[in-house]
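File shown: my_file_13.cif. Contents: mmCIF, C-alpha atoms.
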```
data_coords
#
loop_
_atom_site.label_atom_id
_atom_site.label_comp_id
_atom_site.auth_asym_id
_atom_site.auth_seq_id
_atom_site.Cartn_x
_atom_site.Cartn_y
_atom_site.Cartn_z
CA ASN M 1 -8.65 18.41 -10.53
CA ALA M 2 -5.93 16.21 -12.01
CA GLY M 3 -5.41 14.49 -8.65
CA VAL M 4 -1.96 12.89 -8.31
CA THR M 5 0.25 12.97 -11.39
CA GLN M 6 3.55 11.16 -11.91
CA THR M 7 6.23 11.48 -14.56
CA PRO M 8 7.68 9.68 -16.37
CA LYS M 9 5.40 6.71 -17.00
CA PHE M 10 8.26 4.44 -18.02
CA ARG M 11 12.04 4.63 -17.72
CA ILE M 12 15.00 2.36 -18.35
CA LEU M 13 18.16 3.14 -16.42
CA LYS M 14 21.62 1.65 -16.56
CA ILE M 15 23.26 0.48 -13.35
CA GLY M 16 24.85 3.42 -11.56
CA GLN M 17 22.75 6.11 -13.23
CA SER M 18 20.57 8.49 -11.25
CA MET M 19 17.12 9.88 -11.85
CA THR M 20 14.26 11.74 -10.20
CA LEU M 21 10.67 10.52 -10.25
CA GLN M 22 8.28 13.43 -10.17
CA CYS M 23 5.02 13.55 -8.22
CA THR M 24 2.53 16.43 -8.03
CA GLN M 25 -0.89 16.68 -6.41
CA ASP M 26 -3.42 19.48 -6.78
CA MET M 27 -5.76 18.56 -3.92
CA ASN M 28 -3.92 20.61 -1.28
CA HIS M 29 -3.16 17.44 0.66
CA ASN M 30 -0.57 17.83 3.39
CA TYR M 31 0.53 14.17 3.53
CA MET M 32 2.37 12.50 0.66
CA TYR M 33 3.89 9.04 0.23
CA TRP M 34 6.11 7.02 -2.06
CA TYR M 35 5.57 3.27 -2.45
CA ARG M 36 7.19 0.61 -4.57
CA GLN M 37 5.25 -2.37 -5.87
CA ASP M 38 6.89 -5.69 -6.64
CA PRO M 39 4.98 -8.77 -7.87
CA GLY M 40 3.43 -10.75 -5.02
CA MET M 41 4.76 -8.32 -2.41
CA GLY M 42 2.06 -5.69 -2.25
CA LEU M 43 3.18 -2.09 -1.80
CA LYS M 44 6.03 -1.07 0.48
CA LEU M 45 6.41 2.46 1.84
CA ILE M 46 9.69 4.14 0.85
CA TYR M 47 9.33 7.65 2.28
CA TYR M 48 6.55 9.90 3.43
CA SER M 49 6.04 13.58 4.19
CA VAL M 50 3.60 15.29 6.55
CA GLY M 51 4.15 18.75 5.10
CA ALA M 52 6.54 20.99 3.23
CA GLY M 53 10.04 20.59 4.61
CA ILE M 54 9.20 17.47 6.66
CA THR M 55 10.04 13.98 5.44
CA ASP M 56 10.67 10.63 7.09
CA LYS M 57 11.72 7.11 6.18
CA GLY M 58 9.29 4.33 5.53
CA GLU M 59 9.89 0.59 5.43
CA VAL M 60 12.36 0.44 2.50
CA PRO M 61 14.24 3.79 2.22
CA ASN M 62 17.73 2.55 1.27
CA GLY M 63 18.92 3.84 -2.09
CA TYR M 64 16.36 6.65 -2.25
CA ASN M 65 16.06 10.26 -1.20
CA VAL M 66 13.17 12.70 -1.11
CA SER M 67 12.52 16.37 -0.62
CA ARG M 68 9.37 18.40 -0.12
CA SER M 69 9.82 22.09 -0.81
CA THR M 70 6.15 22.76 -1.65
CA THR M 71 2.81 21.26 -0.65
CA GLU M 72 2.20 20.09 -4.21
CA ASP M 73 5.47 18.35 -5.13
CA PHE M 74 7.21 15.32 -3.65
CA PRO M 75 10.03 14.07 -5.92
CA LEU M 76 11.82 10.77 -5.32
CA ARG M 77 15.53 10.61 -6.15
CA LEU M 78 17.35 7.41 -7.04
CA GLU M 79 21.12 7.65 -6.71
CA LEU M 80 23.37 4.96 -8.21
CA ALA M 81 20.54 2.81 -9.59
CA ALA M 82 20.73 -0.93 -8.93
CA PRO M 83 18.79 -3.86 -10.47
CA SER M 84 17.01 -4.31 -7.13
CA GLN M 85 15.31 -0.97 -7.75
CA THR M 86 13.48 -2.34 -10.77
CA SER M 87 9.88 -1.86 -9.71
CA VAL M 88 6.71 0.13 -10.18
CA TYR M 89 6.67 3.29 -8.08
CA PHE M 90 3.50 4.93 -6.83
CA CYS M 91 3.05 8.31 -5.27
CA ALA M 92 0.02 8.96 -3.05
CA SER M 93 -1.42 11.81 -1.02
CA SER M 94 -3.92 12.24 1.80
CA TYR M 95 -5.39 14.98 3.97
CA SER M 96 -4.85 14.85 7.71
CA ALA M 97 -8.22 16.51 8.42
CA SER M 98 -9.98 13.55 6.83
CA PRO M 99 -10.78 11.04 9.63
CA SER M 100 -9.71 8.04 7.57
CA TYR M 101 -6.63 9.69 5.92
CA GLU M 102 -7.81 8.13 2.67
CA GLN M 103 -4.95 7.96 0.19
CA TYR M 104 -5.20 8.92 -3.47
CA PHE M 105 -2.73 7.28 -5.84
CA GLY M 106 -1.00 8.38 -8.99
CA PRO M 107 -0.80 6.18 -12.11
CA GLY M 108 2.72 4.93 -11.35
CA THR M 109 6.18 4.94 -12.91
CA ARG M 110 7.54 1.66 -14.23
CA LEU M 111 11.32 1.61 -13.79
CA THR M 112 13.75 -0.96 -15.16
CA VAL M 113 17.41 -0.97 -14.15
CA THR M 114 19.72 -3.04 -16.37
CA ALA S 1 3.86 -4.53 14.60
CA GLN S 2 0.86 -4.52 12.34
CA SER S 3 0.37 -6.77 9.33
CA VAL S 4 -2.13 -7.70 6.65
CA THR S 5 -2.49 -11.14 5.11
CA GLN S 6 -4.50 -11.83 2.00
CA LEU S 7 -5.34 -15.49 1.65
CA GLY S 8 -4.91 -16.61 -1.94
CA SER S 9 -2.73 -14.76 -4.41
CA HIS S 10 -5.04 -15.80 -7.25
CA VAL S 11 -8.82 -16.29 -7.23
CA SER S 12 -10.77 -17.42 -10.27
CA VAL S 13 -14.56 -17.25 -10.59
CA SER S 14 -17.14 -17.55 -13.33
CA GLU S 15 -19.13 -14.56 -14.46
CA GLY S 16 -22.20 -14.27 -12.23
CA ALA S 17 -20.64 -16.21 -9.35
CA LEU S 18 -19.94 -14.93 -5.86
CA VAL S 19 -16.63 -13.14 -5.34
CA LEU S 20 -14.92 -13.64 -1.97
CA LEU S 21 -11.47 -12.19 -1.33
CA ARG S 22 -10.04 -12.82 2.12
CA CYS S 23 -8.12 -10.40 4.31
CA ASN S 24 -6.91 -10.90 7.86
CA TYR S 25 -5.09 -8.29 9.88
CA SER S 26 -3.00 -7.97 12.98
CA SER S 27 -2.97 -4.72 14.94
CA SER S 28 -2.47 -3.81 18.58
CA VAL S 29 -4.69 -0.73 18.25
CA PRO S 30 -8.04 -0.21 16.53
CA PRO S 31 -7.47 -0.28 12.78
CA TYR S 32 -8.87 1.52 9.83
CA LEU S 33 -9.12 -0.92 6.91
CA PHE S 34 -9.28 -0.36 3.19
CA TRP S 35 -9.74 -2.32 -0.02
CA TYR S 36 -8.11 -0.95 -3.16
CA VAL S 37 -8.44 -2.21 -6.74
CA GLN S 38 -5.75 -1.97 -9.39
CA TYR S 39 -6.60 -2.48 -13.05
CA PRO S 40 -3.75 -3.41 -15.40
CA ASN S 41 -1.15 -0.66 -15.80
CA GLN S 42 -3.06 1.73 -13.57
CA GLY S 43 -2.78 3.14 -10.09
CA LEU S 44 -4.80 2.05 -7.07
CA GLN S 45 -8.42 3.09 -6.65
CA LEU S 46 -10.25 2.98 -3.35
CA LEU S 47 -13.13 0.45 -3.29
CA LEU S 48 -14.28 0.90 0.30
CA LYS S 49 -13.10 1.69 3.80
CA TYR S 50 -13.87 0.78 7.41
CA THR S 51 -13.43 3.59 9.90
CA SER S 52 -15.07 2.15 13.06
CA ALA S 53 -18.64 3.14 12.17
CA ALA S 54 -20.78 0.39 10.59
CA THR S 55 -19.11 -3.02 10.46
CA LEU S 56 -20.68 -3.80 7.07
CA VAL S 57 -19.25 -1.40 4.55
CA LYS S 58 -20.55 -0.87 1.03
CA GLY S 59 -18.26 0.35 -1.71
CA ILE S 60 -18.24 1.07 -5.40
CA ASN S 61 -19.09 -1.39 -8.18
CA GLY S 62 -21.31 -3.53 -5.92
CA PHE S 63 -18.54 -4.61 -3.52
CA GLU S 64 -18.94 -4.79 0.23
CA ALA S 65 -16.85 -5.93 3.18
CA GLU S 66 -17.57 -6.87 6.77
CA PHE S 67 -15.29 -6.01 9.67
CA LYS S 68 -15.16 -8.87 12.20
CA LYS S 69 -13.06 -7.97 15.19
CA SER S 70 -13.32 -11.44 16.77
CA GLU S 71 -11.88 -12.99 13.61
CA THR S 72 -9.55 -10.07 12.78
CA SER S 73 -10.93 -10.21 9.25
CA PHE S 74 -12.16 -7.81 6.59
CA HIS S 75 -13.20 -10.00 3.67
CA LEU S 76 -14.37 -8.45 0.40
CA THR S 77 -17.46 -9.82 -1.37
CA LYS S 78 -19.58 -9.22 -4.42
CA PRO S 79 -22.70 -11.30 -5.08
CA SER S 80 -22.27 -11.58 -8.84
CA ALA S 81 -18.95 -11.23 -10.65
CA HIS S 82 -18.65 -9.25 -13.86
CA MET S 83 -15.92 -9.50 -16.45
CA SER S 84 -14.92 -5.93 -15.63
CA ASP S 85 -14.07 -6.98 -12.05
CA ALA S 86 -10.92 -8.73 -13.25
CA ALA S 87 -8.09 -6.87 -11.50
CA GLU S 88 -5.73 -7.07 -8.54
CA TYR S 89 -7.18 -6.27 -5.14
CA PHE S 90 -5.27 -5.02 -2.12
CA CYS S 91 -6.31 -4.96 1.50
CA ALA S 92 -4.61 -2.26 3.59
CA LEU S 93 -4.54 -1.19 7.23
CA ARG S 94 -3.66 1.93 9.08
CA ASN S 95 -3.66 2.53 12.80
CA ALA S 96 -6.35 4.82 14.09
CA GLY S 97 -3.78 6.70 16.20
CA GLY S 98 -2.81 10.21 15.14
CA THR S 99 0.90 9.46 14.99
CA SER S 100 0.43 6.96 12.17
CA TYR S 101 0.39 9.90 9.72
CA GLY S 102 -1.93 7.89 7.52
CA LYS S 103 0.71 5.32 6.64
CA LEU S 104 -0.74 2.15 5.14
CA THR S 105 0.38 -1.45 5.51
CA PHE S 106 -0.64 -3.48 2.48
CA GLY S 107 -1.38 -7.13 1.94
CA GLN S 108 0.31 -9.01 -0.85
CA GLY S 109 -2.58 -8.62 -3.27
CA THR S 110 -5.07 -11.02 -4.85
CA ILE S 111 -5.47 -11.28 -8.59
CA LEU S 112 -9.10 -11.90 -9.53
CA THR S 113 -9.79 -13.64 -12.82
CA VAL S 114 -13.36 -13.80 -14.15
CA HIS S 115 -14.23 -16.48 -16.70
CA PRO S 116 -17.12 -16.15 -19.15
#
```
Would you put the structure from the file into structure tokens?
Amino acid sequence: NAGVTQTPKFRILKIGQSMTLQCTQDMNHNYMYWYRQDPGMGLKLIYYSVGAGITDKGEVPNGYNVSRSTTEDFPLRLELAAPSQTSVYFCASSYSASPSYEQYFGPGTRLTVT
Amino acid sequence: AQSVTQLGSHVSVSEGALVLLRCNYSSSVPPYLFWYVQYPNQGLQLLLKYTSAATLVKGINGFEAEFKKSETSFHLTKPSAHMSDAAEYFCALRNAGGTSYGKLTFGQGTILTVHP
């Protein structure tokens, strides 16, 4: 199993551009999450999904959109990129049948908006 | 609202010394608690988890943590630090209720430096 994979690893965007961060998991997990990590701030939840076709906002959803058309994929869309979106983005997944809902993380995408 | 506080954004120890990383939590319902480790330029890897069974939890790489409800703490320890332990460590909480959908609340992180 590859686990959780994310592409790209790095990206530089200009202000106002858009992009999609890709996330795929091959563990048949029904729950998926997007976090952003900023220095000294820990990880903040952007959006999450409890299954295909079902998504909901997390703590910091503004400026982002998500979709979940399949169990495996959970892309994160940035529209009109702003410098405040410079961050490291992590995708994670978990399985609701696991008592602890342990989350598995991807390697991250480092995004710079200039 | 639930929260996680990690005391000390940076901890420095000598190789072979005790590692102690502090985590306190606030939750109105029984929590599940986790410690994750992040090596430079990598994702997060689960070290250990507390899920209301034993209060002393053993994890990978010789780490362990003790859940103390009276102190609302879940501190991470390792008896003898190794150079390879240098990383950032995150404490995280999720509510045990089913409607939490597994969402985690993270602490701010603690960077562990190990000196020769």
When the PyMOL selection byres ((chain M) within 9 of (chain S)) is applied to the file above, which residues end up in the set, as a PyMOL selection string?
chain M and resi 31+33+39-45+48-50+58+90+94-96+99-108
Would you pick out the contacts of region 66-73 of chain S at 9 Å or less, using only C-alpha atoms, so that residues sharing its chain but fewer than 3 positions from it are not included, and give the list as a list in words?
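The residues that qualify are Arg22, Cys23, Asn24, Tyr25, Ser26, Ser27, Leu33, Tyr50, Ser52, Ala54, Thr55, Leu56, Val57, Lys58, Leu76 and Thr77 of chain S.
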In Å to one decimal, how far is CA of Pro75 (chain M) from CA of Glu88 (chain S)?
26.5 Å
As JSON, please: the centre and edge lengths in Å, to one decimal, of an axis-aligned box enclosing every listed atom of region 5-11 of chain M with 6 Å added on each side.
```
{"center_x": 6.1, "center_y": 8.7, "center_z": -14.7, "size_x": 23.8, "size_y": 20.5, "size_z": 18.6}
```
So which residues get picked by the PyMOL selection byres ((chain M and resi 6-22) around 8) here, written as a compact mmCIF listing (two decimals) with C-alpha atoms, in the frame of the given file?
```
# COMPACT_ATOMS: atom_id res chain seq x y z
CA VAL M 4 -1.96 12.89 -8.31
CA THR M 5 0.25 12.97 -11.39
CA CYS M 23 5.02 13.55 -8.22
CA THR M 24 2.53 16.43 -8.03
CA ASP M 73 5.47 18.35 -5.13
CA PHE M 74 7.21 15.32 -3.65
CA PRO M 75 10.03 14.07 -5.92
CA LEU M 76 11.82 10.77 -5.32
CA ARG M 77 15.53 10.61 -6.15
CA LEU M 78 17.35 7.41 -7.04
CA GLU M 79 21.12 7.65 -6.71
CA LEU M 80 23.37 4.96 -8.21
CA ALA M 81 20.54 2.81 -9.59
CA ALA M 82 20.73 -0.93 -8.93
CA PRO M 83 18.79 -3.86 -10.47
CA CYS M 91 3.05 8.31 -5.27
CA GLY M 106 -1.00 8.38 -8.99
CA PRO M 107 -0.80 6.18 -12.11
CA GLY M 108 2.72 4.93 -11.35
CA THR M 109 6.18 4.94 -12.91
CA ARG M 110 7.54 1.66 -14.23
CA LEU M 111 11.32 1.61 -13.79
CA THR M 112 13.75 -0.96 -15.16
CA VAL M 113 17.41 -0.97 -14.15
CA THR M 114 19.72 -3.04 -16.37
```
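The shortest atom-to-atom distance to Ser69 (chain M), with only C-alpha atoms taken into account, belongs to M:Ile54 out of M:Val88, M:Ile54, M:Met32, M:Ala97.
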Kindly resolve the PyMOL selection byres ((chain S and resi 114) around 12) on the present coordinates and return the residues as an MDAnalysis selection string.
chainID S and resid 10:19 80:88 111:113 115:116
For those residues, write C-alpha atoms to a file as a PDB file, keeping the file's coordinate frame.
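Now in part_6.pdb:
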```pdb
ATOM      1  CA  HIS S  10      -5.040 -15.800  -7.250  1.00  0.00           C
ATOM      2  CA  VAL S  11      -8.820 -16.290  -7.230  1.00  0.00           C
ATOM      3  CA  SER S  12     -10.770 -17.420 -10.270  1.00  0.00           C
ATOM      4  CA  VAL S  13     -14.560 -17.250 -10.590  1.00  0.00           C
ATOM      5  CA  SER S  14     -17.140 -17.550 -13.330  1.00  0.00           C
ATOM      6  CA  GLU S  15     -19.130 -14.560 -14.460  1.00  0.00           C
ATOM      7  CA  GLY S  16     -22.200 -14.270 -12.230  1.00  0.00           C
ATOM      8  CA  ALA S  17     -20.640 -16.210  -9.350  1.00  0.00           C
ATOM      9  CA  LEU S  18     -19.940 -14.930  -5.860  1.00  0.00           C
ATOM     10  CA  VAL S  19     -16.630 -13.140  -5.340  1.00  0.00           C
ATOM     11  CA  SER S  80     -22.270 -11.580  -8.840  1.00  0.00           C
ATOM     12  CA  ALA S  81     -18.950 -11.230 -10.650  1.00  0.00           C
ATOM     13  CA  HIS S  82     -18.650  -9.250 -13.860  1.00  0.00           C
ATOM     14  CA  MET S  83     -15.920  -9.500 -16.450  1.00  0.00           C
ATOM     15  CA  SER S  84     -14.920  -5.930 -15.630  1.00  0.00           C
ATOM     16  CA  ASP S  85     -14.070  -6.980 -12.050  1.00  0.00           C
ATOM     17  CA  ALA S  86     -10.920  -8.730 -13.250  1.00  0.00           C
ATOM     18  CA  ALA S  87      -8.090  -6.870 -11.500  1.00  0.00           C
ATOM     19  CA  GLU S  88      -5.730  -7.070  -8.540  1.00  0.00           C
ATOM     20  CA  ILE S 111      -5.470 -11.280  -8.590  1.00  0.00           C
ATOM     21  CA  LEU S 112      -9.100 -11.900  -9.530  1.00  0.00           C
ATOM     22  CA  THR S 113      -9.790 -13.640 -12.820  1.00  0.00           C
ATOM     23  CA  HIS S 115     -14.230 -16.480 -16.700  1.00  0.00           C
ATOM     24  CA  PRO S 116     -17.120 -16.150 -19.150  1.00  0.00           C
TER      25      PRO S 116
END
```
Computed interatomic separation between CA of Leu7 (chain S) and CA of Ser84 (chain M) (Å)
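Between these atoms lies a distance of 26.5 Å.
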Which distance in Å separates CA of His29 (chain M) and CA of Ser93 (chain M), to one decimal?
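So the two atoms, CA of His29 (chain M) and CA of Ser93 (chain M), lie 6.1 Å apart.
Closest approach to Asn30 (chain M) among M:Tyr64, M:Thr86, M:Ala2, M:Thr70: M:Thr70, based on only C-alpha atoms.
All protein, DNA and RNA residues at most 6 Å from (-7.8, 15.9, -7.6) are M:Asn1, M:Ala2, M:Gly3, M:Asp26, M:Met27, using all atoms listed in the file.
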Would you list the residues near (9.6, 1.2, 1.7) (no more than 7 Å away, in the coordinates of the file, using only C-alpha atoms) as a PDB file with C-alpha atoms, in the coordinates of the input?
```pdb
ATOM      1  CA  TYR M  35       5.570   3.270  -2.450  1.00  0.00           C
ATOM      2  CA  ARG M  36       7.190   0.610  -4.570  1.00  0.00           C
ATOM      3  CA  LYS M  44       6.030  -1.070   0.480  1.00  0.00           C
ATOM      4  CA  LEU M  45       6.410   2.460   1.840  1.00  0.00           C
ATOM      5  CA  ILE M  46       9.690   4.140   0.850  1.00  0.00           C
ATOM      6  CA  TYR M  47       9.330   7.650   2.280  1.00  0.00           C
ATOM      7  CA  GLY M  58       9.290   4.330   5.530  1.00  0.00           C
ATOM      8  CA  GLU M  59       9.890   0.590   5.430  1.00  0.00           C
ATOM      9  CA  VAL M  60      12.360   0.440   2.500  1.00  0.00           C
ATOM     10  CA  PRO M  61      14.240   3.790   2.220  1.00  0.00           C
TER      11      PRO M  61
END
```
